[in-house]
Structure formats: C-alpha cells, structure tokens
2 protein chains.
Amino acid sequence: MGQTERKRWYVDACGTAFALDMIGERWSILIMRELMFGPRRFNELRADLPGISANILIQRLERLEELRILRKRKLPPPASVQAYELTQWGYEAEPVVQMLGKWATRHPDHDPTLPLSAASIMMSFRTMIDAERARGFKAKIGFRLGEDGFVVTLDGGEVTTERREPEDVDLLLTCQPTILAAVVYGGGPAAELEEAGALTIEGNRTIFDRFVTLFPLPEKLSDSEN
Amino acid sequence: MGQTERKRWYVDACGTAFALDMIGERWSILIMRELMFGPRRFNELRADLPGISANILIQRLERLEELRILRKRKLPPPASVQAYELTQWGYEAEPVVQMLGKWATRHPDHDPTLPLSAASIMMSFRTMIDAERARGFKAKIGFRLGEDGFVVTLDGGEVTTERREPEDVDLLLTCQPTILAAVVYGGGPAAELEEAGALTIEGNRTIFDRFVTLFPLPEKLSDSEN
DNA sequence: CGGCATCCGGGAAGATACTG
DNA sequence: CAGTATCTTCCCGGATGCCG
C-alpha cells in the first residue's frame, strides 16, 4: 500500500471532470506551464512558482509523473542533473493552458503588474499574437530574462519558441520578465526603461518597434455586458 | 467585513494563473459545464453534479456571480423561479471546458462508464464531432435524457444544441445519458438496448445509423509513447 | 422545495526546519 | 541542490436545521 489513494474525485464520465481529477489540484497546471518550453529542475520550478512549497511541488510532480504527463529525466552530460520534462501528451495540453489564460484576461481584475515567470511571458506571445498584424513579418528575436534565455522565431503569425541561449538573432532583448510584459502589454516606455538600465535592446530596432505592436490585449468586460 | 477574503491565490500576472484564481477551485468548472446550454436551478445543478454538497454549491455560485461568470435570474412567468445563467463571457469559456475534456480522454484511466449528466454528453457531441465524417450531413435530432430535453442540429460539422423539449425533429432518442454515451462512444448494441427498453428510437433510423458514427474517440496513449 | 447558515471531522495546502 | 519531516492552517464534504 505504498500508493497514496486519492479521496476526492469526481464520479463523472465527462472528460472535463476527468481532466480535473488529474490536474485540477492547486499548482498542477502552472507546473505544466513552466515545463512547456523544455525540462526544468526542481529548484527552477520552485523559483518560477512563487508561493509553492517544496512538499507540494514534490507531490504534484509525483502525481503528474504517475499520470504520464511528465517524466523525470537526467539531462545529458556534463550537466547530468535530474530534471522534469513533459511527455508528448503533456505538451499537447498547451492549448488548454493558453485558452484558460486568454479567456481570463478579459476580466477587469486581472493584474498584469504582478510578478511573472519567463515561461509565462513567452507563452503569452504564442497565445496573444495577432496573426493579422503579424502578416508578412519574419524575425528571430532573442531574450535574456533573468537567468533564462529564449529564441522566438516569428513567421506570419507562427510563433516558435526555444529555451536556449540567444545566438544569431535579429534582435536581442535583456530585461526582467515583468519589464517585458510592461513594454509589450502595457505600452511601457521602452526608451525610458532602456535609459534607466532596466531594458537592453540590441540589434534591429525596427523589428523591436513592430514586435511590441503584435500582441493586443483582449477587450475587458464592460459594465454593460450581460 | 461580510465578504470572505480568499487566503490562497497565485501571485502571478499570467492569465492562466488568474483563471485558476477565479475558477480553479473544486467544482467551479463543472458548474460552468452544466450551465453551458442555458439556465439551471439550484437543485438541478445539485442533481447533475454527483457528490457536491449544498454549501459548496452555494459558495461556488456566489463566487462565480461575483466574477460575472454567471448571474442569478428569475425565469419568466409562470415558472417564475430563480435560476443561474452564464453571462456572455461565461459562455465564452466553452472552448476551455471542451479542450480540457478532449485532452484528458486520451488517458487510459478515463472511465466512460461512470455516470454522466445530460449536459456532459451534449457537450461531448460539440467537442468530439469529426467534421470530415459529418460532411454533408444535415439533421435535427431530439433527445429526452431523463428529465432533460435537447434538440441538436447538425449541419456539416456544426453542432447547435438547445435545451428544450424536442419538436419537429428527424429523429428522437429517449434514454439515460449513460446509455447514449455507451451507444455513441462504446459501440453499445442499440438494437438490444432498444429491445430491453433502455433506449427508444423514433423517426429516421438512417439518420440514427449515421449519427452514431460521427464521434470517434481520440487514440489512447500507447505504452510506447514518451 | 429552494436557498442559506452553522458545526464538525478529515484531508489538502502552506510554512519552516532539517538532511543527504 | 533536491528533496523530507513536521506542524499548522485552511478548505472540502456531510449533516443538520432555519426560513420563506
């Protein structure tokens, strides 16, 4: 009887109910979000999920592994350290994570000034890009967000995101995730932030100017809306 | 200080995290599922959500109303009774509910023989229809599932669902939701079920024979799958 | 019957300290 | 760095009862 028996589950054949039996507990979906761009280590997850405690993180990781949403993996040498990585099926949950977010941001109480993980802002680009505005736009953009490097390839509304050190990019942005969110979603003053040292822009500034216009926020709910 | 303050929330600007702050608690999403085809009364919700207790249902309804996901409404006379109805924005969460379900049913442990609400099976038709197989198929199908009547209009992959008493339909099916699920998703023996009185088929049987082929289940995860 | 409050037990989540 | 162990707090679920 080494296995923990779950005491609370939905008695319901509906797939949605079963999804919530699997990943409806606190933190599970956010852990999946953090893994969407590749393997992460225990303490990286801990750092990117403010407020989670180690025992809860372990519990969730064990459960998600049991469900085959993720697996434990040794990263290749020389970094031969343990990490957690989504399975193919786990990666297929990306649209679920995206749509939850896209739907929720219409609520007036959503506060985009809260802290943000690097994976969150990278995911939001995939969620929020306006294909119309991005038509004909091709660019390879690098990001250094705290410790995390990303390369985003934009090609006509398609957003390809890799978690790796930026090389050979048209544009390289260095800042904290929250700063990037402020610039892209809040119309934050890029020039002033750059002046203040909170943002570094290297490479093609024309691409930068276009990039920051590609991600319109959905309209907030209006008072008149039923 | 009449208002209950939430003690546990995510400190996270990500829209997904905010969605989970709103509807991440137990039962919330299933309540929304039950309301997707129109207003429901308190005890109807209670009956369709096996295992929920009255105080929890009240708590969730209050929270969802506060968030403007649903509203309380008096149904028009003579049935002037109170009911709960999604707002426009609440209805817009349908794709989220659907994708959760569609993703989850690939897991081998999903058990489609559990009890099922009428709304669940109706929702599943919208989620699971194979547009290719339904090409060129037009039909209006009525359902009587326990107490609940529905009319489903199929038109080339489009599924329109109304919660109302079936009238002027090409085909009328009367059974329990679980029976319908067994026939459509489990290849259940319609003839035998009809013989046994668990299923009544009225109207055009050619439409019935085609209808039950339109909803292929996604492939289960294989052992080889990483 | 529909809606809501209150109490209680158990289990899940959170905080903190500790270990290999 | 990657987890355990322990203790506390809070949430969920069930029962009961009130009120219109």
# chains A, B, ... in the order shown; residues from 1 in each chain; ligands from 1
>>> select_by_dssp(residues="stretch 58-192 of chain B", states="strand (DSSP E or B)", output="count of residues only")
36
>>> residues_around(residues="A:Arg106", least_positions_apart="6", cutoff="7 Å", atoms="only C-alpha atoms (C1' of nucleotides)", output="JSON, numbers by chain")
{"A": [218, 219, 220, 221]}
>>> write_last_selection(atoms="N, CA, C and O atoms", output="compact mmCIF listing (two decimals), in the first residue's frame")
# COMPACT_ATOMS: atom_id res chain seq x y z
N PRO A 218 -7.02 41.41 -25.14
CA PRO A 218 -8.45 41.32 -25.42
C PRO A 218 -9.19 42.43 -24.68
O PRO A 218 -8.72 42.93 -23.65
N GLU A 219 -10.33 42.81 -25.22
CA GLU A 219 -11.13 43.83 -24.54
C GLU A 219 -11.57 43.37 -23.17
O GLU A 219 -12.02 42.23 -23.00
N LYS A 220 -11.50 44.27 -22.23
CA LYS A 220 -12.03 43.94 -20.90
C LYS A 220 -13.55 43.88 -20.95
O LYS A 220 -14.17 44.50 -21.81
N LEU A 221 -14.10 43.13 -20.01
CA LEU A 221 -15.55 43.11 -19.89
C LEU A 221 -16.04 44.51 -19.59
O LEU A 221 -15.49 45.21 -18.74
>>> interface_residues(of="chain C", to="chain B", cutoff="9 Å", atoms="only C-alpha atoms (C1' of nucleotides)", output="list in words")
DC1, DG2, DG3, DC4 and DA5 of chain C
>>> closest_atom_pairs(of="chain D", to="chain B", cutoff="9 Å", atoms="only C-alpha atoms (C1' of nucleotides)", output="Markdown table")
| residue | atom | partner | partner_atom | distance |
| --- | --- | --- | --- | --- |
| D:DC10 | C1' | B:Lys7 | CA | 8.4 |
| D:DC12 | C1' | B:Ile56 | CA | 7.8 |
| D:DG13 | C1' | B:Ser53 | CA | 6.6 |
| D:DG14 | C1' | B:Ser53 | CA | 7.6 |
>>> closest_residue(among="B:Ala13, B:Ala181, B:Ala196, B:Leu35", to="chain A", atoms="only C-alpha atoms")
B:Ala13
>>> interface_residues(of="chain B", to="chain A", cutoff="8 Å", atoms="only C-alpha atoms", output="ChimeraX atom specification")
/B:10-19,24-26,30,50-51,87-89,92-93,95-105,110-117,120-121,124,221,225-226
>>> select_by_dssp(residues="stretch 15-148 of chain B", states="alpha helix (DSSP H)", output="PyMOL selection string")
chain B and resi 15-23+28-35+42-48+54-66+88-91+94-104+118-128
>>> atom_distance(atom1="atom C1' of D:DG20", atom2="atom CA of B:Arg40")
20.7 Å
>>> atom_distance(atom1="atom CA of A:Phe143", atom2="atom CA of A:Ser80")
25.2 Å
>>> atom_distance(atom1="atom CA of B:Asp148", atom2="atom CA of B:Arg63")
26.6 Å
>>> closest_residue(among="A:Glu202, A:Asp130, A:Glu192, A:Glu147", to="A:Glu165", atoms="only C-alpha atoms")
A:Glu147
>>> residues_around(residues="D:DA5", least_positions_apart="3", cutoff="10 Å", atoms="only C-alpha atoms (C1' of nucleotides)", output="list in words")
Asn55 of chain A; DA17, DC18 and DT19 of chain C
>>> write_last_selection(atoms="N, CA and C atoms (P, O5', C5', C4', C3', O3' and C1' of nucleotides)", output="PDB file, in the first residue's frame")
ATOM      1  N   ASN A  55       7.186  20.577  -0.478  1.00  0.00           N
ATOM      2  CA  ASN A  55       6.443  19.318  -0.354  1.00  0.00           C
ATOM      3  C   ASN A  55       5.295  19.251  -1.344  1.00  0.00           C
TER       4      ASN A  55
ATOM      5  P    DA C  17      12.475  28.372  10.477  1.00  0.00           P
ATOM      6  O5'  DA C  17      13.011  26.928  10.861  1.00  0.00           O
ATOM      7  C5'  DA C  17      12.200  26.045  11.635  1.00  0.00           C
ATOM      8  C4'  DA C  17      12.706  24.624  11.472  1.00  0.00           C
ATOM      9  C3'  DA C  17      14.236  24.517  11.408  1.00  0.00           C
ATOM     10  O3'  DA C  17      14.680  23.465  12.262  1.00  0.00           O
ATOM     11  C1'  DA C  17      13.261  23.430   9.545  1.00  0.00           C
ATOM     12  P    DC C  18      16.247  23.191  12.510  1.00  0.00           P
ATOM     13  O5'  DC C  18      16.497  21.828  11.719  1.00  0.00           O
ATOM     14  C5'  DC C  18      15.598  20.731  11.909  1.00  0.00           C
ATOM     15  C4'  DC C  18      15.814  19.693  10.806  1.00  0.00           C
ATOM     16  C3'  DC C  18      17.290  19.342  10.574  1.00  0.00           C
ATOM     17  O3'  DC C  18      17.465  17.944  10.747  1.00  0.00           O
ATOM     18  C1'  DC C  18      16.140  19.739   8.520  1.00  0.00           C
ATOM     19  P    DT C  19      18.990  17.342  10.855  1.00  0.00           P
ATOM     20  O5'  DT C  19      19.124  16.466   9.537  1.00  0.00           O
ATOM     21  C5'  DT C  19      18.093  15.555   9.183  1.00  0.00           C
ATOM     22  C4'  DT C  19      18.365  15.007   7.786  1.00  0.00           C
ATOM     23  C3'  DT C  19      19.836  14.658   7.518  1.00  0.00           C
ATOM     24  O3'  DT C  19      19.897  13.411   6.856  1.00  0.00           O
ATOM     25  C1'  DT C  19      19.014  16.072   5.824  1.00  0.00           C
TER      26       DT C  19
END
>>> residues_around(residues="C:DT6", least_positions_apart="3", cutoff="12 Å", atoms="only C-alpha atoms (C1' of nucleotides)", output="NGL selection string")
(:B and (55)) or (:D and (15-18))
>>> residues_around(residues="stretch 160-162 of chain B", least_positions_apart="3", cutoff="10 Å", atoms="only C-alpha atoms (C1' of nucleotides)", output="VMD selection string")
chain B and resid 36 to 38 122 to 123 125 to 126 140 to 142 149 to 155 157 165 to 166
>>> write_last_selection(atoms="N, CA and C atoms", output="PDB file, in the first residue's frame")
ATOM      1  N   MET B  36     -23.860  25.459 -19.600  1.00  0.00           N
ATOM      2  CA  MET B  36     -23.494  25.832 -20.974  1.00  0.00           C
ATOM      3  C   MET B  36     -24.669  25.817 -21.949  1.00  0.00           C
ATOM      4  N   PHE B  37     -25.758  25.118 -21.602  1.00  0.00           N
ATOM      5  CA  PHE B  37     -26.904  25.090 -22.516  1.00  0.00           C
ATOM      6  C   PHE B  37     -28.099  25.839 -21.962  1.00  0.00           C
ATOM      7  N   GLY B  38     -27.820  26.747 -21.030  1.00  0.00           N
ATOM      8  CA  GLY B  38     -28.905  27.576 -20.537  1.00  0.00           C
ATOM      9  C   GLY B  38     -29.043  27.512 -19.034  1.00  0.00           C
ATOM     10  N   MET B 122     -24.161  16.072 -24.113  1.00  0.00           N
ATOM     11  CA  MET B 122     -24.465  17.056 -25.158  1.00  0.00           C
ATOM     12  C   MET B 122     -23.221  17.858 -25.519  1.00  0.00           C
ATOM     13  N   MET B 123     -22.480  18.256 -24.484  1.00  0.00           N
ATOM     14  CA  MET B 123     -21.235  18.987 -24.728  1.00  0.00           C
ATOM     15  C   MET B 123     -20.257  18.131 -25.515  1.00  0.00           C
ATOM     16  N   PHE B 125     -20.757  16.005 -27.761  1.00  0.00           N
ATOM     17  CA  PHE B 125     -21.019  15.975 -29.198  1.00  0.00           C
ATOM     18  C   PHE B 125     -20.373  17.179 -29.877  1.00  0.00           C
ATOM     19  N   ARG B 126     -20.455  18.307 -29.228  1.00  0.00           N
ATOM     20  CA  ARG B 126     -19.823  19.504 -29.804  1.00  0.00           C
ATOM     21  C   ARG B 126     -18.301  19.377 -29.823  1.00  0.00           C
ATOM     22  N   LYS B 140     -31.824  17.173 -37.714  1.00  0.00           N
ATOM     23  CA  LYS B 140     -32.267  17.744 -36.445  1.00  0.00           C
ATOM     24  C   LYS B 140     -32.696  16.588 -35.544  1.00  0.00           C
ATOM     25  N   ILE B 141     -31.990  16.441 -34.456  1.00  0.00           N
ATOM     26  CA  ILE B 141     -32.174  15.266 -33.608  1.00  0.00           C
ATOM     27  C   ILE B 141     -32.615  15.703 -32.224  1.00  0.00           C
ATOM     28  N   GLY B 142     -33.671  15.074 -31.729  1.00  0.00           N
ATOM     29  CA  GLY B 142     -34.156  15.366 -30.385  1.00  0.00           C
ATOM     30  C   GLY B 142     -33.702  14.305 -29.401  1.00  0.00           C
ATOM     31  N   GLY B 149     -34.757  17.652 -21.986  1.00  0.00           N
ATOM     32  CA  GLY B 149     -34.931  17.599 -23.425  1.00  0.00           C
ATOM     33  C   GLY B 149     -33.904  18.458 -24.141  1.00  0.00           C
ATOM     34  N   PHE B 150     -33.423  17.984 -25.276  1.00  0.00           N
ATOM     35  CA  PHE B 150     -32.466  18.732 -26.094  1.00  0.00           C
ATOM     36  C   PHE B 150     -32.820  18.569 -27.562  1.00  0.00           C
ATOM     37  N   VAL B 151     -32.445  19.589 -28.311  1.00  0.00           N
ATOM     38  CA  VAL B 151     -32.519  19.481 -29.762  1.00  0.00           C
ATOM     39  C   VAL B 151     -31.151  19.830 -30.323  1.00  0.00           C
ATOM     40  N   VAL B 152     -30.617  18.901 -31.097  1.00  0.00           N
ATOM     41  CA  VAL B 152     -29.292  19.093 -31.689  1.00  0.00           C
ATOM     42  C   VAL B 152     -29.451  19.203 -33.195  1.00  0.00           C
ATOM     43  N   THR B 153     -28.916  20.292 -33.736  1.00  0.00           N
ATOM     44  CA  THR B 153     -28.966  20.477 -35.178  1.00  0.00           C
ATOM     45  C   THR B 153     -27.571  20.286 -35.745  1.00  0.00           C
ATOM     46  N   LEU B 154     -27.445  19.314 -36.604  1.00  0.00           N
ATOM     47  CA  LEU B 154     -26.156  19.019 -37.229  1.00  0.00           C
ATOM     48  C   LEU B 154     -26.172  19.549 -38.647  1.00  0.00           C
ATOM     49  N   ASP B 155     -25.119  20.261 -38.997  1.00  0.00           N
ATOM     50  CA  ASP B 155     -25.033  20.771 -40.364  1.00  0.00           C
ATOM     51  C   ASP B 155     -23.565  20.871 -40.753  1.00  0.00           C
ATOM     52  N   GLY B 157     -20.711  19.379 -39.715  1.00  0.00           N
ATOM     53  CA  GLY B 157     -19.705  19.545 -38.664  1.00  0.00           C
ATOM     54  C   GLY B 157     -20.082  20.579 -37.621  1.00  0.00           C
ATOM     55  N   GLU B 165     -37.734  21.075 -25.125  1.00  0.00           N
ATOM     56  CA  GLU B 165     -38.467  19.866 -25.492  1.00  0.00           C
ATOM     57  C   GLU B 165     -38.365  19.617 -26.989  1.00  0.00           C
ATOM     58  N   PRO B 166     -38.059  18.403 -27.374  1.00  0.00           N
ATOM     59  CA  PRO B 166     -37.911  18.104 -28.809  1.00  0.00           C
ATOM     60  C   PRO B 166     -39.245  18.207 -29.547  1.00  0.00           C
TER      61      PRO B 166
END
